[in-house]
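Student: Next comes the structure file start25.cif, holding mmCIF, C-alpha atoms and all ligand atoms.
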data_start
#
loop_
_atom_site.label_atom_id
_atom_site.label_comp_id
_atom_site.auth_asym_id
_atom_site.auth_seq_id
_atom_site.Cartn_x
_atom_site.Cartn_y
_atom_site.Cartn_z
CA MET A 1 -12.34 -18.20 30.81
CA SER A 2 -12.23 -17.51 27.11
CA SER A 3 -12.03 -20.66 25.08
CA GLU A 4 -11.46 -18.52 22.00
CA LEU A 5 -8.16 -17.21 23.21
CA THR A 6 -7.09 -20.58 24.62
CA ASN A 7 -7.70 -22.25 21.28
CA LEU A 8 -5.70 -19.61 19.51
CA PHE A 9 -2.68 -20.56 21.63
CA ASP A 10 -2.25 -23.65 19.46
CA VAL A 11 -1.54 -21.66 16.34
CA LYS A 12 1.88 -21.60 14.72
CA PRO A 13 3.84 -18.67 16.14
CA SER A 14 5.26 -17.96 12.67
CA LYS A 15 1.77 -17.01 11.49
CA GLY A 16 0.03 -13.79 12.41
CA TYR A 17 -3.34 -13.84 14.17
CA LEU A 18 -5.65 -11.20 15.52
CA VAL A 19 -6.66 -12.06 19.07
CA PHE A 20 -9.76 -11.05 21.01
CA HIS A 21 -10.81 -11.67 24.59
CA PRO A 22 -14.34 -10.83 25.83
CA GLU A 23 -12.85 -8.86 28.74
CA TYR A 24 -11.36 -6.32 26.29
CA GLY A 25 -14.88 -4.89 26.43
CA LYS A 26 -13.83 -3.26 29.73
CA ILE A 27 -11.40 -1.15 27.71
CA THR A 28 -13.26 -0.63 24.44
CA LYS A 29 -16.35 -1.49 22.42
CA ASN A 30 -14.50 -0.81 19.18
CA ALA A 31 -13.28 -3.89 17.26
CA VAL A 32 -10.11 -2.28 15.90
CA VAL A 33 -9.11 -0.97 19.33
CA ALA A 34 -9.77 -4.46 20.74
CA ALA A 35 -7.60 -6.02 18.03
CA ILE A 36 -4.77 -3.66 18.99
CA ILE A 37 -5.18 -4.56 22.68
CA GLY A 38 -5.06 -8.21 21.53
CA GLY A 39 -1.75 -7.58 19.79
CA TYR A 40 -0.24 -6.16 22.96
CA HIS A 41 -1.79 -8.99 24.99
CA TYR A 42 -0.27 -11.67 22.75
CA ASP A 43 3.05 -9.89 22.83
CA TYR A 44 2.87 -9.66 26.64
CA LEU A 45 2.24 -13.41 26.80
CA GLY A 46 5.19 -14.00 24.46
CA LYS A 47 2.92 -15.84 22.03
CA GLN A 48 3.40 -13.57 19.08
CA LYS A 49 5.92 -10.78 18.97
CA LEU A 50 4.69 -7.52 17.52
CA SER A 51 7.18 -6.53 14.84
CA SER A 52 7.43 -3.17 16.54
CA PHE A 53 5.49 -0.89 18.85
CA THR A 54 5.36 1.91 16.30
CA VAL A 55 2.30 3.03 14.32
CA ASP A 56 3.70 1.13 11.30
CA GLY A 57 4.32 -2.01 13.35
CA ILE A 58 0.76 -2.08 14.73
CA TYR A 59 -0.65 -1.26 11.27
CA HIS A 60 1.17 -4.28 9.80
CA TYR A 61 0.01 -6.46 12.68
CA LEU A 62 -3.60 -5.57 11.82
CA GLY A 63 -3.01 -6.68 8.23
CA GLY A 64 -4.87 -3.79 6.66
CA CYS A 65 -8.06 -3.97 8.74
CA ALA A 66 -7.62 -0.29 9.63
CA ALA A 67 -6.05 2.70 7.89
CA LEU A 68 -2.71 4.03 9.06
CA VAL A 69 -4.29 7.29 10.28
CA THR A 70 -6.85 5.31 12.29
CA VAL A 71 -4.10 3.27 13.95
CA LYS A 72 -2.26 6.47 14.77
CA ARG A 73 -5.38 8.03 16.32
CA ILE A 74 -6.19 4.91 18.35
CA LEU A 75 -2.65 4.64 19.75
CA LYS A 76 -2.84 8.29 20.81
CA GLU A 77 -6.24 7.74 22.43
CA LEU A 78 -5.02 4.64 24.28
CA THR A 79 -2.11 6.74 25.51
CA SER A 80 -4.28 9.57 26.81
CA SER A 81 -6.58 7.09 28.53
CA GLY A 82 -3.58 5.55 30.30
CA TRP A 83 -3.40 2.13 28.62
CA LEU A 84 -0.22 2.83 26.66
CA ASN A 85 2.91 4.84 27.29
CA GLN A 86 4.45 6.85 24.52
CA SER A 87 8.21 6.91 24.07
CA LYS A 88 10.84 7.06 21.33
CA LEU A 89 12.53 3.97 19.95
CA SER A 90 15.89 3.43 21.65
CA SER A 91 19.03 2.85 19.54
CA LYS A 92 18.90 -0.81 20.52
CA GLU A 93 15.25 -1.16 19.43
CA ALA A 94 15.96 0.69 16.17
CA LYS A 95 18.95 -1.57 15.45
CA GLU A 96 16.87 -4.70 16.18
CA LEU A 97 14.20 -3.53 13.73
CA VAL A 98 16.76 -2.81 11.01
CA CYS A 99 18.35 -6.25 11.52
CA GLN A 100 14.95 -7.98 11.22
CA LYS A 101 14.75 -7.10 7.53
CA GLN A 102 15.13 -9.81 4.95
CA PRO A 103 18.67 -9.65 3.58
CA GLN A 104 18.66 -8.16 0.12
CA CYS A 105 20.60 -10.12 -2.46
CA PHE A 106 22.30 -7.72 -4.78
CA VAL A 107 24.44 -9.38 -7.43
CA LEU A 108 27.00 -6.64 -7.25
CA GLY A 109 29.00 -5.66 -4.23
CA ALA A 110 32.01 -7.14 -2.53
CA LEU A 111 31.24 -5.51 0.80
CA VAL A 112 28.86 -6.98 3.38
CA CYS A 113 26.67 -4.94 5.74
CA GLU A 114 27.23 -5.90 9.39
CA TRP A 115 23.53 -5.55 10.20
CA CYS A 116 21.41 -6.79 7.27
CA LYS A 117 24.20 -8.92 5.74
CA ALA A 118 23.43 -7.56 2.25
CA ARG A 119 26.25 -7.33 -0.26
CA THR A 120 26.75 -3.72 -1.12
CA LEU A 121 28.97 -1.31 -3.05
CA ILE A 122 29.17 1.18 -0.23
CA LEU A 123 29.52 0.79 3.53
CA ASP A 124 28.91 3.70 5.89
CA THR A 125 30.75 4.08 9.16
CA HIS A 126 28.13 4.54 11.85
CA HIS A 127 28.76 5.23 15.53
CA TYR A 128 27.00 2.55 17.57
CA PRO A 129 25.91 1.97 20.30
CA ILE A 130 26.86 5.48 21.47
CA PRO A 131 26.39 8.35 18.96
CA LYS A 132 29.47 10.33 17.96
CA SER A 133 27.82 13.47 19.38
CA GLU A 134 27.81 11.79 22.80
CA GLY A 135 31.46 10.80 22.59
CA GLY A 136 30.96 7.32 21.14
CA GLU A 137 34.07 5.80 19.54
CA LYS A 138 32.84 2.33 18.58
CA THR A 139 31.64 2.08 15.00
CA VAL A 140 29.91 -0.44 12.74
CA LYS A 141 30.13 -0.78 8.95
CA ILE A 142 26.59 -0.80 7.60
CA CYS A 143 24.99 -0.26 4.19
CA PRO A 144 23.42 3.12 3.36
CA ASN A 145 19.93 1.56 3.61
CA CYS A 146 20.41 0.36 7.17
CA HIS A 147 22.11 3.63 8.06
CA GLN A 148 19.26 5.77 6.77
CA GLU A 149 16.63 3.50 8.34
CA PHE A 150 18.36 3.55 11.72
CA HIS A 151 18.47 7.34 11.88
CA GLN A 152 14.82 7.63 10.86
CA LEU A 153 13.67 4.92 13.26
CA VAL A 154 15.54 6.12 16.31
CA ARG A 155 13.31 9.20 16.38
CA THR A 156 10.11 7.26 15.82
CA THR A 157 7.38 7.35 18.44
CA SER A 158 6.57 3.98 19.93
CA TYR A 159 3.77 2.83 22.22
CA HIS A 160 4.32 0.39 25.07
CA PRO A 161 1.81 -1.12 27.49
CA SER A 162 1.38 1.00 30.62
CA GLU A 163 1.41 -0.49 34.13
CA ASN A 164 -2.41 -0.30 33.99
CA LEU A 165 -2.54 -2.44 30.87
CA ILE A 166 -0.02 -4.95 32.23
CA ARG A 167 -2.10 -5.25 35.43
CA PHE A 168 -5.18 -5.79 33.24
CA PHE A 169 -3.41 -8.60 31.32
CA LYS A 170 -2.20 -10.19 34.57
CA GLU A 171 -5.72 -10.31 35.97
CA LEU A 172 -7.29 -11.71 32.79
CA ALA A 173 -8.37 -15.31 33.12
CA ILE A 174 -7.40 -17.30 30.07
ZN ZN B 1 22.41 -3.17 5.72
ZN ZN B 2 25.00 7.07 11.70
#
Can you present the structure in this file as structure tokens?
Ligand SMILES: [Zn+2]
Ligand SMILES: [Zn+2]
Tutor:
Amino acid sequence: MSSELTNLFDVKPSKGYLVFHPEYGKITKNAVVAAIIGGYHYDYLGKQKLSSFTVDGIYHYLGGCAALVTVKRILKELTSSGWLNQSKLSSKEAKELVCQKQPQCFVLGALVCEWCKARTLILDTHHYPIPKSEGGEKTVKICPNCHQEFHQLVRTTSYHPSENLIRFFKELAI
């Protein structure tokens, strides 16, 4: 029944918006926590994709309205209260994040990274989608930046809506 949220549906999807619904009060009285729930809600509705479900991703979604440590604490609290599930980024999710970067335009470099499309002096051979340690034979040629980022990201904790939260979103009247 929230006209606020309905009106916000008309916004350009390319722009970022913080979303609130009065019913979030059933989950939290805290504005920052509500804004985070709003991010997951919008993502669930396919209206605005969160750039990622990591602490960094949610922090960027909030546009600086909370400190990184606060975001981290809130995501942990929402996990222990059963609204979010904690997992690690999969290789596919990590690759998607790396590929979302803006291509960097170096003047030098005759080689092109398969993932970020940047011209580069060096290309690394990286086993993908299956790691070499697990018997993977397929490889991609990616720049050292993408390579480093991938290996850091694939271990990163991410937070996804739990079944409880999805049920909550389903039952919300908009
Ligand atoms: Zn690259
Ligand atoms: Zn690698």
Student: Write out as JSON lines a residue-level contact list of chain A versus ligand ZN 2 (chain B) with cut-off 6 Å: for each qualifying residue the closest pair of atoms and the distance in Å to one decimal, counting all atoms listed in the file, rows sorted by chain and residue number upward.
Tutor:
{"residue": "A:His126", "atom": "CA", "partner": "B:ZN2", "partner_atom": "ZN", "distance": 4.0}
{"residue": "A:His127", "atom": "CA", "partner": "B:ZN2", "partner_atom": "ZN", "distance": 5.7}
{"residue": "A:His147", "atom": "CA", "partner": "B:ZN2", "partner_atom": "ZN", "distance": 5.8}
Student: Can you tell me which residues surround stretch 91-104 of chain A at a distance of at most 7 Å, considering all atoms listed in the file, apart from same-chain residues fewer than 2 positions away, and format the answer as a list of chain:residue names?
Tutor: A:Leu89, A:Phe106, A:Trp115, A:Cys116, A:Lys117, A:Ala118, A:Pro129, A:Cys146, A:Glu149, A:Phe150, A:Leu153, A:Val154
Student: From the set A:Tyr61, A:Tyr159, A:Phe20, A:Tyr40, which residue has the shortest atom-to-atom contact distance to A:Lys76, counting only C-alpha atoms?
Tutor: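 So, comparing all the options, the nearest one is A:Tyr159.
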Student: Using all atoms listed in the file, find the one residue out of A:Thr139, A:Lys170, A:Lys72, A:Thr54 that sits nearest to A:Thr157.
Tutor: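 Among the listed residues, the smallest separation from A:Thr157 belongs to A:Thr54.
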Student: Write out as a PyMOL selection string which residues come within 8 Å of A:Thr125 when counting all atoms listed in the file, dropping same-chain ones fewer than 5 positions away.
Tutor: chain A and resi 139-142
Student: So that I have them on file, write out the residues from the current selection with C-alpha atoms, as a PDB file, in the frame of the given file.
Tutor:
ATOM      1  CA  THR A 139      31.640   2.080  15.000  1.00  0.00           C
ATOM      2  CA  VAL A 140      29.910  -0.440  12.740  1.00  0.00           C
ATOM      3  CA  LYS A 141      30.130  -0.780   8.950  1.00  0.00           C
ATOM      4  CA  ILE A 142      26.590  -0.800   7.600  1.00  0.00           C
TER       5      ILE A 142
END
Student: What is the atom CA of A:Ser52-atom CA of A:His21 distance in Å, reported with one decimal?
Tutor: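 One can read the atom CA of A:Ser52 to atom CA of A:His21 distance as 21.7 Å.
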Student: Record the distance separating atom CA of A:Leu50 and atom CA of A:Pro161, expressed in Å with one decimal.
Tutor: 12.2 Å
Student: What does the distance between atom CA of A:Glu23 and atom CA of A:Ser162 come to in Å, to one decimal place?
Tutor: 17.4 Å
